[in-house]
file work-v2.json (JSON, C-alpha atoms)
[["chain", "number", "residue", "atom", "x", "y", "z"],
["A", 1, "MET", "CA", -42.76, -168.29, 69.69],
["A", 2, "LEU", "CA", -44.43, -165.68, 67.52],
["A", 3, "LYS", "CA", -45.46, -163.68, 70.60],
["A", 4, "ARG", "CA", -41.86, -163.65, 71.85],
["A", 5, "VAL", "CA", -40.50, -162.47, 68.52],
["A", 6, "LEU", "CA", -43.14, -159.76, 68.18],
["A", 7, "THR", "CA", -42.55, -158.62, 71.77],
["A", 8, "LEU", "CA", -38.79, -158.49, 71.15],
["A", 9, "MET", "CA", -39.24, -156.54, 67.90],
["A", 10, "THR", "CA", -41.64, -154.10, 69.58],
["A", 11, "ALA", "CA", -39.21, -153.52, 72.44],
["A", 12, "PHE", "CA", -36.39, -152.93, 69.98],
["A", 13, "VAL", "CA", -38.41, -150.34, 68.02],
["A", 14, "VAL", "CA", -39.50, -148.58, 71.24],
["A", 15, "VAL", "CA", -35.89, -148.36, 72.43],
["A", 16, "ALA", "CA", -34.75, -147.10, 69.02],
["A", 17, "LEU", "CA", -37.42, -144.39, 68.99],
["A", 18, "GLY", "CA", -36.69, -143.41, 72.58],
["A", 19, "VAL", "CA", -32.98, -142.70, 72.00],
["A", 20, "PRO", "CA", -32.36, -138.96, 72.45],
["A", 21, "THR", "CA", -30.56, -137.02, 69.74],
["A", 22, "GLY", "CA", -26.97, -135.93, 70.30],
["A", 23, "ALA", "CA", -27.68, -132.32, 69.30],
["A", 24, "ALA", "CA", -27.40, -130.93, 72.81],
["A", 25, "SER", "CA", -24.80, -133.28, 74.20],
["A", 26, "PRO", "CA", -22.19, -131.64, 76.35],
["A", 27, "VAL", "CA", -18.60, -131.42, 75.24],
["A", 28, "HIS", "CA", -16.65, -133.95, 77.26],
["A", 29, "ALA", "CA", -13.17, -133.28, 78.51],
["A", 30, "TYR", "CA", -10.31, -135.60, 77.66],
["A", 31, "PRO", "CA", -8.67, -137.38, 79.40],
["A", 32, "PRO", "CA", -11.31, -138.33, 81.98],
["A", 33, "GLY", "CA", -10.14, -137.77, 85.53],
["A", 34, "CYS", "CA", -10.59, -135.46, 88.44],
["A", 35, "ALA", "CA", -10.26, -132.24, 86.41],
["A", 36, "THR", "CA", -12.62, -131.10, 83.64],
["A", 37, "VAL", "CA", -12.85, -128.20, 81.23],
["A", 38, "ASP", "CA", -16.19, -127.07, 79.80],
["A", 39, "THR", "CA", -16.57, -124.62, 76.92],
["A", 40, "GLY", "CA", -20.34, -124.33, 77.32],
["A", 41, "GLY", "CA", -20.93, -125.50, 73.75],
["A", 42, "SER", "CA", -19.29, -127.07, 70.76],
["A", 43, "THR", "CA", -19.90, -124.52, 67.99],
["A", 44, "PHE", "CA", -19.60, -120.74, 68.13],
["A", 45, "THR", "CA", -19.74, -117.87, 65.64],
["A", 46, "PRO", "CA", -16.76, -115.52, 65.26],
["A", 47, "GLY", "CA", -16.88, -112.82, 67.95],
["A", 48, "ALA", "CA", -19.25, -114.78, 70.22],
["A", 49, "THR", "CA", -18.64, -114.81, 73.96],
["A", 50, "ILE", "CA", -17.30, -118.14, 75.24],
["A", 51, "THR", "CA", -17.30, -118.94, 78.95],
["A", 52, "ILE", "CA", -14.73, -121.63, 79.75],
["A", 53, "THR", "CA", -14.88, -123.37, 83.13],
["A", 54, "ALA", "CA", -12.07, -125.45, 84.59],
["A", 55, "THR", "CA", -13.10, -127.68, 87.46],
["A", 56, "GLY", "CA", -10.48, -129.26, 89.68],
["A", 57, "ASP", "CA", -10.78, -129.95, 93.38],
["A", 58, "ALA", "CA", -10.21, -128.12, 96.68],
["A", 59, "ARG", "CA", -6.42, -128.60, 96.38],
["A", 60, "ASP", "CA", -6.48, -126.06, 93.52],
["A", 61, "ASN", "CA", -7.79, -123.28, 95.80],
["A", 62, "GLY", "CA", -5.87, -120.09, 95.00],
["A", 63, "HIS", "CA", -3.84, -121.62, 92.13],
["A", 64, "THR", "CA", -3.45, -119.68, 88.91],
["A", 65, "ILE", "CA", -4.99, -121.86, 86.21],
["A", 66, "THR", "CA", -3.75, -121.32, 82.66],
["A", 67, "PHE", "CA", -6.17, -121.69, 79.73],
["A", 68, "THR", "CA", -4.43, -122.13, 76.35],
["A", 69, "ILE", "CA", -6.65, -121.93, 73.26],
["A", 70, "THR", "CA", -4.95, -123.11, 70.06],
["A", 71, "LEU", "CA", -6.21, -123.28, 66.47],
["A", 72, "THR", "CA", -5.79, -126.93, 65.46],
["A", 73, "SER", "CA", -7.31, -126.91, 61.96],
["A", 74, "THR", "CA", -9.22, -124.73, 59.54],
["A", 75, "ALA", "CA", -12.03, -125.81, 57.25],
["A", 76, "PRO", "CA", -10.58, -124.48, 54.00],
["A", 77, "ALA", "CA", -6.81, -124.13, 53.90],
["A", 78, "SER", "CA", -7.23, -120.38, 54.39],
["A", 79, "VAL", "CA", -4.78, -120.05, 57.24],
["A", 80, "ALA", "CA", -1.13, -120.72, 56.56],
["A", 81, "PRO", "CA", 0.84, -122.62, 59.26],
["A", 82, "ALA", "CA", 2.66, -119.39, 60.12],
["A", 83, "ASP", "CA", -0.69, -117.84, 61.11],
["A", 84, "THR", "CA", -1.25, -120.19, 64.07],
["A", 85, "ILE", "CA", -3.57, -118.66, 66.63],
["A", 86, "VAL", "CA", -2.77, -119.12, 70.33],
["A", 87, "ILE", "CA", -4.70, -117.38, 73.11],
["A", 88, "VAL", "CA", -3.48, -117.67, 76.71],
["A", 89, "VAL", "CA", -5.71, -116.58, 79.60],
["A", 90, "THR", "CA", -5.34, -117.16, 83.35],
["A", 91, "ALA", "CA", -7.77, -117.28, 86.28],
["A", 92, "ILE", "CA", -7.54, -117.97, 90.01],
["A", 93, "ALA", "CA", -9.31, -121.11, 91.22],
["A", 94, "ASN", "CA", -11.86, -120.62, 94.01],
["A", 95, "ALA", "CA", -12.20, -122.74, 97.18],
["A", 96, "SER", "CA", -13.95, -125.50, 95.21],
["A", 97, "GLY", "CA", -11.17, -125.60, 92.60],
["A", 98, "VAL", "CA", -13.24, -123.90, 89.88],
["A", 99, "ALA", "CA", -11.73, -121.25, 87.59],
["A", 100, "VAL", "CA", -13.80, -119.40, 84.99],
["A", 101, "VAL", "CA", -12.69, -117.21, 82.09],
["A", 102, "THR", "CA", -14.67, -115.45, 79.39],
["A", 103, "VAL", "CA", -13.12, -114.96, 75.96],
["A", 104, "THR", "CA", -14.31, -113.68, 72.61],
["A", 105, "ALA", "CA", -14.36, -116.34, 69.91],
["A", 106, "PRO", "CA", -11.59, -115.80, 67.36],
["A", 107, "THR", "CA", -12.57, -114.44, 63.95],
["A", 108, "THR", "CA", -10.73, -117.25, 62.13],
["A", 109, "PRO", "CA", -13.06, -120.23, 61.55],
["A", 110, "GLY", "CA", -11.72, -123.64, 62.50],
["A", 111, "ALA", "CA", -11.31, -126.18, 65.28],
["A", 112, "TYR", "CA", -9.77, -124.95, 68.53],
["A", 113, "MET", "CA", -8.28, -126.94, 71.41],
["A", 114, "VAL", "CA", -8.60, -125.63, 74.97],
["A", 115, "THR", "CA", -6.00, -126.97, 77.40],
["A", 116, "ILE", "CA", -5.96, -126.13, 81.09],
["A", 117, "SER", "CA", -2.72, -126.44, 83.00],
["A", 118, "ASN", "CA", -1.38, -125.74, 86.50],
["A", 119, "ILE", "CA", -4.21, -127.79, 87.94],
["A", 120, "THR", "CA", -3.50, -130.49, 90.54],
["A", 121, "CYS", "CA", -4.97, -133.36, 88.51],
["A", 122, "GLY", "CA", -2.86, -132.64, 85.41],
["A", 123, "ASP", "CA", -3.51, -130.97, 82.09],
["A", 124, "VAL", "CA", -6.98, -131.49, 80.58],
["A", 125, "SER", "CA", -8.23, -130.62, 77.08],
["A", 126, "SER", "CA", -11.50, -129.96, 75.34],
["A", 127, "SER", "CA", -12.37, -128.42, 71.99],
["A", 128, "PHE", "CA", -14.81, -126.20, 70.16],
["A", 129, "ILE", "CA", -15.44, -125.02, 66.60],
["A", 130, "VAL", "CA", -15.72, -121.47, 65.31],
["A", 131, "LYS", "CA", -17.93, -121.48, 62.24],
["A", 132, "ILE", "CA", -19.42, -118.75, 60.11],
["A", 133, "PRO", "CA", -23.17, -119.39, 59.88],
["A", 134, "ASP", "CA", -24.60, -120.33, 56.49],
["A", 135, "LYS", "CA", -27.37, -117.78, 56.92],
["A", 136, "PRO", "CA", -27.44, -114.39, 58.64],
["A", 137, "VAL", "CA", -27.61, -114.59, 62.42],
["A", 138, "ASP", "CA", -31.17, -114.20, 63.60],
["A", 139, "PRO", "CA", -31.47, -113.68, 67.37],
["A", 140, "ASN", "CA", -34.82, -115.51, 67.29],
["A", 141, "ASP", "CA", -33.24, -118.56, 65.60],
["A", 142, "PRO", "CA", -29.86, -119.37, 67.16],
["A", 143, "ASP", "CA", -29.72, -122.78, 65.43],
["A", 144, "LEU", "CA", -26.15, -122.83, 64.13],
["A", 145, "PRO", "CA", -24.86, -125.62, 61.95],
["A", 146, "HIS", "CA", -23.05, -128.19, 64.05],
["A", 147, "ALA", "CA", -20.15, -130.54, 63.54],
["A", 148, "GLY", "CA", -20.97, -134.18, 62.91],
["A", 149, "SER", "CA", -24.34, -135.52, 61.86],
["A", 150, "ASN", "CA", -27.65, -136.62, 63.32],
["A", 151, "LEU", "CA", -27.98, -140.36, 62.87],
["A", 152, "GLN", "CA", -31.28, -140.84, 64.70],
["A", 153, "PRO", "CA", -33.52, -140.69, 61.60],
["A", 154, "TRP", "CA", -31.32, -143.25, 59.85],
["A", 155, "LEU", "CA", -31.29, -145.51, 62.90],
["A", 156, "VAL", "CA", -35.06, -145.37, 63.36],
["A", 157, "THR", "CA", -35.73, -146.01, 59.66],
["A", 158, "SER", "CA", -33.27, -148.88, 59.40],
["A", 159, "SER", "CA", -34.51, -150.41, 62.67],
["A", 160, "ALA", "CA", -38.10, -150.28, 61.41],
["A", 161, "ALA", "CA", -37.03, -151.89, 58.13],
["A", 162, "VAL", "CA", -35.18, -154.68, 59.97],
["A", 163, "ALA", "CA", -38.13, -155.23, 62.31],
["A", 164, "THR", "CA", -40.55, -155.38, 59.37],
["A", 165, "GLY", "CA", -38.29, -157.82, 57.54],
["A", 166, "LEU", "CA", -38.02, -160.05, 60.61],
["A", 167, "GLY", "CA", -41.78, -159.97, 61.08],
["A", 168, "LEU", "CA", -42.42, -160.97, 57.47],
["A", 169, "TRP", "CA", -39.81, -163.73, 57.73],
["A", 170, "VAL", "CA", -41.50, -165.13, 60.87],
["A", 171, "VAL", "CA", -44.94, -165.04, 59.21],
["A", 172, "ALA", "CA", -43.61, -166.77, 56.07],
["A", 173, "ARG", "CA", -41.87, -169.42, 58.14],
["A", 174, "ARG", "CA", -45.05, -170.15, 60.15],
["A", 175, "ARG", "CA", -47.08, -170.45, 56.92],
["A", 176, "ARG", "CA", -44.55, -172.90, 55.47],
["A", 177, "ARG", "CA", -44.70, -175.02, 58.62],
["A", 178, "SER", "CA", -48.52, -175.02, 58.53],
["A", 179, "ALA", "CA", -48.56, -175.97, 54.83],
["A", 180, "SER", "CA", -46.03, -178.79, 55.23],
["A", 181, "THR", "CA", -47.88, -180.41, 58.16],
["A", 182, "ALA", "CA", -51.25, -180.36, 56.37]]
call {"tool": "encode", "arguments": {"input": "work-v2.json", "output": "structure tokens"}}
result
Amino acid sequence: MLKRVLTLMTAFVVVALGVPTGAASPVHAYPPGCATVDTGGSTFTPGATITITATGDARDNGHTITFTITLTSTAPASVAPADTIVIVVTAIANASGVAVVTVTAPTTPGAYMVTISNITCGDVSSSFIVKIPDKPVDPNDPDLPHAGSNLQPWLVTSSAAVATGLGLWVVARRRRRSASTA
């Protein structure tokens, strides 16, 4: 019984340590379907170059795909509702149904929604954040702050604490059984 519990705890810790971080996860389009839109990242600095790719299918060959970029929220309430930012760009889909545009990131920090339309599968959205870096931009250190948080250290630490607690509980229980039978 002890071997099974220790094997299970070891497997749990190995799996917890082997979970990759979400720092480089791709931005997923919503809703899932046959069309996707990819912004190439989730956080950009003002004035950065953003390449946005819309992927449909062969039925979109030659269609004019419309990319609408809209400011959805700002970090501080620095932008009044009247100052809504909307950027509209179009591109022609190739034989595979792929349309690519390159835009310059807006100078207003905040969350932006990218919606592609005029694509056979229906409108698809994705998002990105424009954020002013906390420190000056160093070309040798492009590590920008990102939205969200990294939970892996917390998960590993808490998993190790739970595994240690379970191990001590099993040892104490075995000792009590041995003492009561003697």
call {"tool": "atom_distance", "arguments": {"input": "work-v2.json", "atom1": "CA of Thr115 in chain A", "atom2": "CA of Ile132 in chain A"}}
result
23.4 Å
call {"tool": "residues_near_point", "arguments": {"input": "work-v2.json", "point": "(-3.2, -138.1, 87.4)", "cutoff": "9 Å", "atoms": "only C-alpha atoms", "output": "list in words"}}
result
Gly33, Cys34, Thr120, Cys121, Gly122 and Asp123 of chain A
call {"tool": "residues_near_point", "arguments": {"input": "work-v2.json", "point": "(-7.0, -124.8, 77.2)", "cutoff": "10 Å", "atoms": "all atoms listed in the file", "output": "list of chain:residue names"}}
result
A:Val37, A:Asp38, A:Thr39, A:Ile52, A:Thr53, A:Ala54, A:Ile65, A:Thr66, A:Phe67, A:Thr68, A:Ile69, A:Thr70, A:Val86, A:Ile87, A:Val88, A:Val89, A:Thr90, A:Tyr112, A:Met113, A:Val114, A:Thr115, A:Ile116, A:Ser117, A:Asp123, A:Val124, A:Ser125, A:Ser126, A:Ser127
call {"tool": "atom_distance", "arguments": {"input": "work-v2.json", "atom1": "CA of Gly110 in chain A", "atom2": "CA of Gly47 in chain A"}}
result
13.2 Å
call {"tool": "residues_around", "arguments": {"input": "work-v2.json", "residues": "Phe44 in chain A", "least_positions_apart": "3", "cutoff": "10 Å", "atoms": "all atoms listed in the file", "output": "ChimeraX atom specification"}}
result
/A:40-41,47-50,104-106,109,128-133,144-146
call {"tool": "residues_around", "arguments": {"input": "work-v2.json", "residues": "Arg4 in chain A", "least_positions_apart": "4", "cutoff": "12 Å", "atoms": "all atoms listed in the file", "output": "PDB file with C-alpha atoms, in the coordinates of the input"}}
result
ATOM      1  CA  LEU A   8     -38.790-158.490  71.150  1.00  0.00           C
ATOM      2  CA  MET A   9     -39.240-156.540  67.900  1.00  0.00           C
ATOM      3  CA  THR A  10     -41.640-154.100  69.580  1.00  0.00           C
ATOM      4  CA  ALA A  11     -39.210-153.520  72.440  1.00  0.00           C
ATOM      5  CA  GLY A 167     -41.780-159.970  61.080  1.00  0.00           C
ATOM      6  CA  VAL A 170     -41.500-165.130  60.870  1.00  0.00           C
TER       7      VAL A 170
END
call {"tool": "atom_distance", "arguments": {"input": "work-v2.json", "atom1": "CA of Leu71 in chain A", "atom2": "CA of Thr102 in chain A"}}
result
17.3 Å
call {"tool": "residues_around", "arguments": {"input": "work-v2.json", "residues": "Ala58 in chain A", "least_positions_apart": "3", "cutoff": "10 Å", "atoms": "only C-alpha atoms", "output": "list in words"}}
result
Thr55, Asn61, Gly62, Ala93, Asn94, Ala95, Ser96, Gly97, Val98 and Thr120 of chain A
call {"tool": "axis_aligned_box", "arguments": {"input": "work-v2.json", "around": "range 83-92 of chain A", "padding_each_side": "8 Å", "output": "AutoDock Vina command-line options"}}
result
--center_x -4.2 --center_y -118.4 --center_z 75.6 --size_x 23.1 --size_y 19.6 --size_z 44.9
